[in-house]
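Text of the file coords-v2.txt, holding compact mmCIF, C-alpha atoms:
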```
# COMPACT_ATOMS: atom_id res chain seq x y z
CA MET T 1 -13.16 6.28 -25.09
CA LYS T 2 -10.27 4.71 -23.24
CA LYS T 3 -9.93 4.92 -19.47
CA PHE T 4 -6.74 4.82 -17.43
CA ASN T 5 -5.45 1.34 -16.59
CA HIS T 6 -2.71 1.32 -13.95
CA ARG T 7 -1.55 -2.10 -15.15
CA ASP T 8 -0.15 -0.45 -18.27
CA PHE T 9 2.44 1.36 -16.17
CA ASP T 10 5.24 0.72 -13.74
CA ILE T 11 3.67 2.23 -10.62
CA GLU T 12 6.12 2.82 -7.80
CA THR T 13 4.80 2.07 -4.33
CA GLU T 14 6.09 3.21 -0.96
CA LEU T 15 5.98 1.11 2.20
CA ILE T 16 4.01 2.43 5.19
CA THR T 17 5.25 1.30 8.60
CA THR T 18 4.12 2.00 12.14
CA ARG T 19 6.34 3.44 14.86
CA ASP T 20 7.56 0.00 15.88
CA GLY T 21 8.34 -0.97 12.29
CA SER T 22 5.29 -3.12 11.57
CA ILE T 23 4.14 -2.93 7.97
CA ARG T 24 0.77 -1.25 7.41
CA GLY T 25 0.83 -1.58 3.65
CA ASN T 26 1.70 0.31 0.48
CA LEU T 27 1.17 3.89 -0.59
CA VAL T 28 1.07 5.45 -4.07
CA ASN T 29 1.48 9.15 -4.81
CA TRP T 30 -0.63 9.45 -7.96
CA ASP T 31 0.34 13.10 -8.45
CA THR T 32 3.93 11.91 -8.93
CA VAL T 33 2.73 9.28 -11.40
CA ARG T 34 0.79 11.95 -13.31
CA ARG T 35 3.76 14.30 -13.41
CA PHE T 36 6.47 11.88 -14.48
CA GLN T 37 4.41 9.60 -16.73
CA GLU T 38 2.15 12.20 -18.30
CA GLU T 39 3.22 11.56 -21.90
CA ASP T 40 2.89 7.80 -21.53
CA ILE T 41 -0.54 8.16 -19.93
CA LEU T 42 -1.79 10.40 -22.72
CA GLU T 43 -0.43 8.00 -25.33
CA SER T 44 -2.15 5.05 -23.64
CA LEU T 45 -5.42 7.00 -23.81
CA ASP T 46 -4.91 7.71 -27.54
CA ILE T 47 -4.80 11.45 -26.87
CA TYR T 48 -2.49 13.52 -29.06
CA LEU T 49 -1.41 16.97 -27.88
CA PRO T 50 1.24 18.35 -30.27
CA TRP T 51 2.89 20.79 -27.87
CA GLY T 52 4.71 23.67 -29.56
CA GLU T 53 4.01 22.48 -33.10
CA GLU T 54 2.49 24.39 -36.00
CA LEU T 55 -0.59 22.71 -37.44
CA ASP T 56 -2.06 23.17 -40.86
CA LEU T 57 -5.83 23.21 -41.21
CA TRP T 58 -6.04 19.44 -41.64
CA GLY T 59 -3.81 18.85 -38.65
CA TYR T 60 -6.03 21.07 -36.55
CA MET T 61 -9.15 19.24 -37.76
CA GLU T 62 -7.57 15.92 -36.82
CA PHE T 63 -6.72 17.32 -33.39
CA ILE T 64 -10.26 18.43 -32.55
CA ASP T 65 -11.70 15.24 -34.07
CA GLN T 66 -10.13 13.08 -31.37
CA GLN T 67 -12.68 11.01 -29.49
CA ILE T 68 -12.19 12.76 -26.16
CA PHE T 69 -12.96 16.15 -27.74
CA ARG T 70 -15.97 14.76 -29.59
CA GLU T 71 -17.38 13.41 -26.34
CA TYR T 72 -16.26 16.35 -24.20
CA PRO T 73 -16.20 19.43 -26.49
CA GLU T 74 -16.07 21.67 -23.43
CA LEU T 75 -12.39 20.75 -23.14
CA LEU T 76 -11.81 22.88 -26.25
CA THR T 77 -13.81 25.86 -25.08
CA GLU T 78 -14.24 26.00 -21.32
CA TYR T 79 -10.72 25.34 -20.03
CA LYS T 80 -8.98 28.65 -20.61
CA TYR T 81 -5.54 29.81 -19.68
CA ASP T 82 -3.38 32.84 -20.43
CA GLY T 83 -6.30 35.20 -20.31
CA ASP T 84 -9.11 34.27 -22.70
CA PHE T 85 -7.14 31.77 -24.76
CA SER T 86 -8.55 28.27 -25.34
CA PHE T 87 -7.98 25.49 -27.84
CA GLU T 88 -10.71 26.82 -30.10
CA ASN T 89 -8.98 30.15 -30.67
CA MET T 90 -5.32 29.21 -31.01
CA ARG T 91 -3.09 31.77 -32.67
CA PHE T 92 -2.47 31.90 -36.40
CA SER T 93 1.28 31.92 -36.83
CA GLN T 94 1.24 33.62 -40.23
CA VAL T 95 -1.00 35.40 -42.68
CA ALA T 96 -2.35 32.88 -45.17
CA LYS T 97 -3.22 33.61 -48.81
CA SER T 98 -5.73 30.77 -48.81
CA ILE T 99 -7.37 28.41 -46.36
CA TYR T 100 -4.89 25.72 -47.34
CA ASP T 101 -1.98 27.87 -46.18
CA ILE T 102 -3.32 28.42 -42.66
CA SER T 103 -0.78 27.61 -39.95
CA ILE T 104 -1.97 27.33 -36.35
CA GLU T 105 0.40 27.61 -33.40
CA PHE T 106 -0.23 24.94 -30.78
CA PRO T 107 0.66 26.02 -27.23
CA ALA T 108 3.79 24.76 -25.49
CA ARG T 109 3.39 22.35 -22.58
CA GLU T 110 5.00 24.80 -20.18
CA ASP T 111 2.60 27.62 -21.07
CA TYR T 112 0.70 29.08 -18.15
CA GLY T 113 -2.51 27.23 -17.32
CA ILE T 114 -1.91 24.10 -19.41
CA ASP T 115 -1.95 22.05 -16.20
CA ASN T 116 -5.67 22.81 -15.91
CA ILE T 117 -6.64 21.06 -19.12
CA ILE T 118 -4.34 18.10 -18.40
CA ASP T 119 -6.02 17.72 -15.02
CA ALA T 120 -9.42 17.89 -16.70
CA ILE T 121 -8.47 15.21 -19.24
CA PHE T 122 -7.05 12.97 -16.53
CA GLU T 123 -10.18 13.45 -14.44
CA ILE T 124 -12.39 12.36 -17.34
CA CYS T 125 -10.15 9.38 -18.06
CA GLU T 126 -10.17 8.35 -14.38
CA VAL T 127 -6.47 8.82 -13.67
CA PRO T 128 -6.20 8.77 -9.86
CA LYS T 129 -4.81 11.78 -8.06
CA GLY T 130 -3.45 12.59 -4.63
CA THR T 131 -2.10 9.99 -2.21
CA MET T 132 -3.72 6.57 -1.92
CA GLU T 133 -2.96 4.12 0.89
CA GLU T 134 -3.19 0.33 1.16
CA GLU T 135 -6.93 -0.14 1.66
CA ASP T 136 -7.82 2.09 -1.32
CA LEU T 137 -5.22 0.77 -3.78
CA PRO T 138 -5.97 -1.78 -6.51
CA SER T 139 -5.24 -5.25 -5.12
CA ASP T 140 -2.14 -5.78 -7.25
CA LEU T 141 -0.56 -2.62 -5.80
CA GLN T 142 -1.31 -3.54 -2.20
CA PHE T 143 1.37 -5.07 0.02
CA TRP T 144 -0.62 -7.66 1.92
CA PRO T 145 -2.74 -9.29 -0.80
CA SER T 146 0.51 -10.09 -2.60
CA PHE T 147 1.30 -12.54 0.15
CA ILE T 148 -2.08 -13.39 1.67
CA SER T 149 -4.52 -14.99 -0.74
CA ASP T 150 -8.04 -13.72 -1.35
CA GLU T 151 -9.63 -16.53 0.62
CA ASP T 152 -7.59 -15.41 3.63
CA ASN T 153 -8.84 -11.82 3.62
CA ASP T 154 -11.12 -12.49 6.57
CA PHE T 155 -8.20 -14.01 8.42
CA TYR T 156 -6.05 -10.95 7.74
CA ILE T 157 -8.79 -8.66 9.01
CA SER T 158 -9.05 -10.74 12.17
CA ILE T 159 -5.36 -10.44 13.03
CA THR T 160 -5.48 -6.66 12.66
CA GLU T 161 -8.32 -6.71 15.16
CA HIS T 162 -6.26 -8.86 17.59
CA GLU T 163 -8.41 -11.97 17.23
CA LEU T 164 -5.67 -14.38 16.18
CA LYS T 165 -5.77 -17.77 17.92
CA VAL T 166 -2.86 -20.20 18.28
CA ASN T 167 -4.43 -22.88 16.07
CA ASP T 168 -5.19 -20.38 13.31
CA PHE T 169 -1.71 -18.94 13.65
CA GLN T 170 -0.05 -22.34 13.26
CA ALA T 171 -2.15 -23.17 10.22
CA LYS T 172 -1.21 -19.87 8.60
CA ILE T 173 2.49 -20.30 9.37
CA LYS T 174 2.44 -23.81 7.90
CA LYS T 175 0.81 -22.51 4.73
CA LEU T 176 3.32 -19.67 4.42
CA LYS T 177 6.20 -22.10 4.96
CA ASP T 178 4.96 -24.28 2.09
CA GLU T 179 4.60 -21.21 -0.14
CA ILE T 180 8.09 -19.97 0.76
CA ILE T 181 9.62 -23.32 -0.17
CA GLN T 182 7.94 -23.17 -3.60
CA GLU T 183 8.44 -19.43 -4.23
CA ARG T 184 11.17 -18.37 -6.66
CA ASP T 185 10.74 -14.60 -6.53
CA GLU T 186 13.28 -13.20 -4.06
CA LEU T 187 11.25 -10.21 -2.87
CA LYS T 188 8.10 -12.26 -2.35
CA LYS T 189 10.06 -14.88 -0.45
CA LYS T 190 11.55 -12.29 1.90
CA SER T 191 8.19 -10.58 2.29
CA MET T 192 6.45 -13.83 3.21
CA LEU T 193 9.12 -14.42 5.85
CA LEU T 194 8.47 -10.92 7.21
CA THR T 195 4.76 -11.73 7.24
CA CYS T 196 5.49 -14.76 9.44
CA LEU T 197 7.45 -12.60 11.87
CA ILE T 198 4.72 -9.96 12.03
CA LEU T 199 2.11 -12.66 12.61
CA VAL T 200 4.06 -13.63 15.75
CA GLU T 201 3.54 -10.11 17.08
CA SER T 202 -0.16 -10.28 16.25
CA LEU T 203 -0.46 -13.60 18.05
CA VAL T 204 1.27 -12.32 21.19
CA THR T 205 -0.84 -9.15 21.16
CA SER T 206 -4.00 -11.21 20.77
CA VAL T 207 -3.04 -13.51 23.65
CA ILE T 208 -2.31 -10.55 25.93
CA LEU T 209 -5.49 -8.65 25.08
CA ASP T 210 -7.55 -11.80 25.53
CA LYS T 211 -6.12 -12.20 29.03
CA MET T 212 -6.68 -8.59 30.05
CA PRO T 213 -10.03 -7.54 31.52
CA ASN T 214 -12.25 -5.54 29.21
CA ILE T 215 -11.99 -1.93 30.31
CA ASP T 216 -15.77 -1.60 30.04
CA SER T 217 -16.15 -4.22 32.76
CA THR T 218 -13.82 -2.45 35.21
CA ASN T 219 -14.60 0.17 37.83
CA ILE T 220 -12.80 2.88 35.86
CA LYS T 221 -15.65 5.25 35.12
CA ASP T 222 -13.80 8.54 34.73
CA ILE T 223 -13.32 9.24 31.01
CA TYR T 224 -9.85 10.73 31.46
CA HIS T 225 -8.51 7.78 33.47
CA ARG T 226 -10.07 5.31 31.06
CA LYS T 227 -8.26 7.08 28.23
CA VAL T 228 -4.95 6.97 30.12
CA VAL T 229 -5.33 3.22 30.69
CA GLN T 230 -6.29 2.59 27.07
CA GLU T 231 -3.36 4.60 25.72
CA SER T 232 -0.97 2.82 28.08
CA ILE T 233 -2.15 -0.59 26.87
CA ILE T 234 -1.93 0.40 23.21
CA SER T 235 1.55 1.84 23.68
CA SER T 236 2.75 -1.33 25.41
CA VAL T 237 1.51 -3.86 22.86
CA ARG T 238 3.07 -1.90 19.99
CA ASN T 239 6.66 -2.83 20.87
CA HIS T 240 8.58 -5.97 21.74
CA ALA T 241 9.64 -4.89 25.24
CA GLY T 242 6.12 -3.76 26.11
CA ARG T 243 4.57 -7.03 24.98
CA ASN T 244 7.13 -9.01 27.00
CA LYS T 245 6.39 -6.98 30.13
CA LEU T 246 2.62 -7.29 29.81
CA PHE T 247 2.85 -11.02 29.11
CA SER T 248 4.98 -11.60 32.21
CA GLN T 249 2.55 -9.60 34.33
CA TYR T 250 -0.52 -11.52 33.18
CA PHE T 251 0.94 -15.01 32.78
CA GLY T 252 3.53 -15.02 35.56
CA GLU T 253 6.46 -15.97 33.31
CA PRO T 254 8.33 -14.46 30.37
CA LEU T 255 7.50 -15.06 26.75
CA PRO T 256 9.31 -17.98 25.11
CA GLN T 257 12.56 -16.93 23.43
CA GLN T 258 12.28 -15.02 20.15
CA SER T 259 15.66 -15.15 18.41
CA TRP T 260 14.43 -13.45 15.24
CA ILE T 261 13.81 -9.89 16.51
CA SER T 262 16.88 -8.41 14.78
CA LEU T 263 15.95 -10.17 11.54
CA ARG T 264 12.39 -8.90 11.76
CA ASN T 265 13.46 -5.30 12.37
CA SER T 266 15.98 -5.35 9.52
CA LEU T 267 13.46 -6.72 7.03
CA ALA T 268 10.75 -4.28 8.14
CA HIS T 269 12.97 -1.21 7.83
CA ASP T 270 14.86 -2.13 4.65
CA ILE T 271 13.75 -5.38 3.06
CA GLY T 272 15.85 -4.71 -0.02
CA ASN T 273 19.09 -4.55 1.97
CA SER T 274 19.21 -8.31 2.51
CA LYS T 275 20.60 -11.03 0.28
CA LEU T 276 18.90 -14.33 -0.40
CA ASN T 277 20.53 -17.54 -1.57
CA LYS T 278 17.91 -20.27 -1.83
CA ASN T 279 16.62 -20.50 1.75
CA ILE T 280 19.51 -18.63 3.38
CA ILE T 281 18.95 -14.93 3.98
CA ASN T 282 21.88 -12.68 4.90
CA VAL T 283 21.13 -9.53 6.87
CA HIS T 284 23.97 -7.24 7.96
CA GLY T 285 26.49 -10.06 7.49
CA LYS T 286 24.53 -12.65 9.49
CA ASP T 287 22.98 -15.72 7.86
CA TYR T 288 19.54 -17.04 8.77
CA ASN T 289 18.02 -20.25 7.48
CA ILE T 290 14.45 -19.28 6.59
CA ILE T 291 13.02 -22.76 7.20
CA SER T 292 14.81 -22.96 10.55
CA VAL T 293 13.40 -19.56 11.55
CA ILE T 294 9.87 -20.66 10.68
CA ASP T 295 10.31 -23.92 12.61
CA LYS T 296 11.41 -21.85 15.62
CA ILE T 297 8.28 -19.72 15.20
CA THR T 298 6.15 -22.88 15.29
CA ASN T 299 7.99 -24.09 18.41
CA PHE T 300 7.43 -20.65 19.95
CA SER T 301 3.68 -20.95 19.41
CA ASN T 302 3.70 -24.44 20.97
CA GLU T 303 5.47 -23.12 24.07
CA LEU T 304 3.10 -20.17 24.18
CA SER T 305 0.12 -22.52 24.02
CA LYS T 306 1.47 -24.51 26.99
CA ILE T 307 1.75 -21.34 29.08
CA ILE T 308 -1.79 -20.31 28.14
CA ASP T 309 -3.17 -23.74 29.05
CA LYS T 310 -1.25 -23.80 32.34
CA THR T 311 -2.58 -20.38 33.31
CA ALA T 312 -6.11 -21.44 32.38
CA ASP T 313 -5.80 -24.57 34.56
CA CYS T 314 -4.63 -22.49 37.53
CA SER T 315 -7.54 -20.12 37.03
CA ASP T 316 -10.01 -23.02 37.01
CA GLU T 317 -8.53 -24.39 40.24
CA ASN T 318 -8.81 -20.99 41.94
CA ASN T 319 -12.43 -20.70 40.86
CA MET T 320 -13.18 -24.12 42.37
CA ILE T 321 -11.65 -23.04 45.68
```
Target format structure tokens, applied to this file:
Amino acid sequence: MKKFNHRDFDIETELITTRDGSIRGNLVNWDTVRRFQEEDILESLDIYLPWGEELDLWGYMEFIDQQIFREYPELLTEYKYDGDFSFENMRFSQVAKSIYDISIEFPAREDYGIDNIIDAIFEICEVPKGTMEEEDLPSDLQFWPSFISDEDNDFYISITEHELKVNDFQAKIKKLKDEIIQERDELKKKSMLLTCLILVESLVTSVILDKMPNIDSTNIKDIYHRKVVQESIISSVRNHAGRNKLFSQYFGEPLPQQSWISLRNSLAHDIGNSKLNKNIINVHGKDYNIISVIDKITNFSNELSKIIDKTADCSDENNMI
């Protein structure tokens, strides 16, 4: 018996973003898919339900002889609706003089309770239901794996855990730049650019958190105050202004210039509302050269690395004193 294969359908995904506009991933509402693609799903499963038709005896025999009913006969008897009615005791639409004249009235799709048997069929055929987010979606419906290859999964996990290092960041940006140059699909090209911009935020967050003392090693023992400090840190690193402020406090100078913030926000909130012509992307009437933006990102990471090294040298000198 056939099982549901999402690749046979055009599954619409929604984008999940955080409060500051960072992309968490995709979301699929499978209940919507079930509702609007029900007929196509049933057809793909080779299941024939002749809603509202009149069946002769042979038509009825063909109906109950379908593979799903042979394997799951309880679908014909145990899923009842409209009182005691079930598929095994459908109404005769007329008095027949002989068995060959029997006419059986198949229920209409909108009849009360029909949803129950459709749900049962879909459950057996493994049609997903409810809402499914990024981590639970098939890989081809996820947002991130479309732009980060399988061998980089560990790397992606590490950046979400704020463990991104400058060298790793630069290697990833270089790889994405090469892929962008070769990519012909407009949406993928824009999405890979957005990935580069989000990686910058992950790098800055990682650098800040690496510089901050571990709260477990501090003298803050009271649970409430520890929670206040933790929430304050989390709130700060989630937005551009907060990251800039924390960086200045811990490194004694501002972050290197980031001229792409408006571009990043526009792509994150409405990636489809931008126009791409080769390597020139137009957002709200302003043109950006994608390669130039990525080169600026690389320069940003170089400047960031210099600040980190300088701070580390000062720390070593103080320890010697």
Original post:
What lies within 6 Å of range 49-66 of chain T using only C-alpha atoms, ignoring chain neighbours under 5 positions off, as a list in words?
Top reply: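 Near range 49-66 of chain T, the qualifying residues are Ile102, Ser103, Ile104, Glu105, Phe106, Pro107, Ala108 and Arg109 of chain T.
Pairwise distance (CA of Leu45 in chain T, CA of Gly130 in chain T) equals 20.1 Å.
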**OP:** Would you mind reading off the distance between CA of Asp270 in chain T and CA of Lys286 in chain T, one decimal, in Å?
**Re:** 15.1 Å
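With distances restricted to all atoms listed in the file, T:Asp287 is the closest residue to Ser274 in chain T from T:Glu71, T:Ile297, T:Asp287, T:Phe9.
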Subject >> Sel. within 12 Å of pt (0.9, 13.4, -16.2), counting only C-alpha atoms, output as a PyMOL selection string >> reply: chain T and resi 4+30-45+109+114-123+125+127-129
Original post:
Looking at T:Asn279, T:Asn273, T:Ser206, T:Gln258, which one is nearest to Asp185 in chain T, with distances taken over all atoms listed in the file?
Top reply: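 Smallest separation from Asp185 in chain T among the options: T:Asn279.
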Original post:
For the atom pair CA of Asp168 in chain T and CA of Met212 in chain T, what is the interatomic distance in Å to one decimal place?
Top reply: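 CA of Asp168 in chain T sits 20.5 Å away from CA of Met212 in chain T.
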Listed atoms of range 165-168 of chain T, axis-aligned box, 3 Å per side: centre and edge lengths to one decimal in Å, as AutoDock Vina command-line options?
```
--center_x -4.3 --center_y -20.3 --center_z 15.8 --size_x 8.9 --size_y 11.1 --size_z 11.0
```
**OP:** Within 12 Å of Met192 in chain T, counting only C-alpha atoms, which residues show up once you throw out same-chain ones fewer than 4 positions away? Write them as a ChimeraX atom specification, please.
**Re:** /T:143-149,172-188,196-199,264,267-268,271,290-291,294
Original post:
So which residues touch Pro138 in chain T within 12 Å, counting all atoms listed in the file, skipping near sequence neighbours fewer than 3 positions away, as number ranges by chain?
Top reply: T: 5-7, 11, 13, 26-28, 128, 132-135, 141-146
Original post:
Neighbours of Ile307 in chain T within 9 Å (only C-alpha atoms; same-chain residues fewer than 6 positions away dropped), as a ChimeraX atom specification?
Top reply: /T:251,253,255
Complete range 273-285 of chain T with N, CA, C and O atoms (output as a short mmCIF file (atom, residue, chain, number, x, y, z; two decimals), in the frame of the given file).
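What landed in selection_37.cif:
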```cif
data_model
loop_
_atom_site.label_atom_id
_atom_site.label_comp_id
_atom_site.auth_asym_id
_atom_site.auth_seq_id
_atom_site.Cartn_x
_atom_site.Cartn_y
_atom_site.Cartn_z
N ASN T 273 17.69 -4.51 1.57
CA ASN T 273 19.09 -4.55 1.97
C ASN T 273 19.47 -5.90 2.57
O ASN T 273 20.27 -5.98 3.49
N SER T 274 18.89 -6.95 2.07
CA SER T 274 19.21 -8.31 2.51
C SER T 274 19.43 -9.17 1.27
O SER T 274 18.86 -8.90 0.22
N LYS T 275 20.27 -10.17 1.41
CA LYS T 275 20.60 -11.03 0.28
C LYS T 275 20.06 -12.43 0.53
O LYS T 275 20.14 -12.95 1.64
N LEU T 276 19.52 -13.01 -0.52
CA LEU T 276 18.90 -14.33 -0.40
C LEU T 276 19.58 -15.32 -1.33
O LEU T 276 19.77 -15.04 -2.51
N ASN T 277 19.96 -16.45 -0.79
CA ASN T 277 20.53 -17.54 -1.57
C ASN T 277 19.76 -18.81 -1.22
O ASN T 277 19.98 -19.39 -0.16
N LYS T 278 18.83 -19.16 -2.09
CA LYS T 278 17.91 -20.27 -1.83
C LYS T 278 17.14 -19.97 -0.55
O LYS T 278 16.37 -19.04 -0.51
N ASN T 279 17.36 -20.74 0.51
CA ASN T 279 16.62 -20.50 1.75
C ASN T 279 17.48 -19.86 2.83
O ASN T 279 17.11 -19.86 4.01
N ILE T 280 18.63 -19.32 2.44
CA ILE T 280 19.51 -18.63 3.38
C ILE T 280 19.43 -17.13 3.11
O ILE T 280 19.71 -16.68 2.00
N ILE T 281 19.04 -16.38 4.12
CA ILE T 281 18.95 -14.93 3.98
C ILE T 281 20.05 -14.29 4.82
O ILE T 281 20.25 -14.65 5.98
N ASN T 282 20.79 -13.37 4.21
CA ASN T 282 21.88 -12.68 4.90
C ASN T 282 21.47 -11.24 5.18
O ASN T 282 21.14 -10.49 4.26
N VAL T 283 21.49 -10.88 6.45
CA VAL T 283 21.13 -9.53 6.87
C VAL T 283 22.26 -8.97 7.72
O VAL T 283 22.62 -9.55 8.76
N HIS T 284 22.86 -7.89 7.24
CA HIS T 284 23.97 -7.24 7.96
C HIS T 284 25.08 -8.24 8.29
O HIS T 284 25.63 -8.24 9.40
N GLY T 285 25.38 -9.12 7.33
CA GLY T 285 26.49 -10.06 7.49
C GLY T 285 26.15 -11.32 8.27
O GLY T 285 27.01 -12.19 8.44
#
```
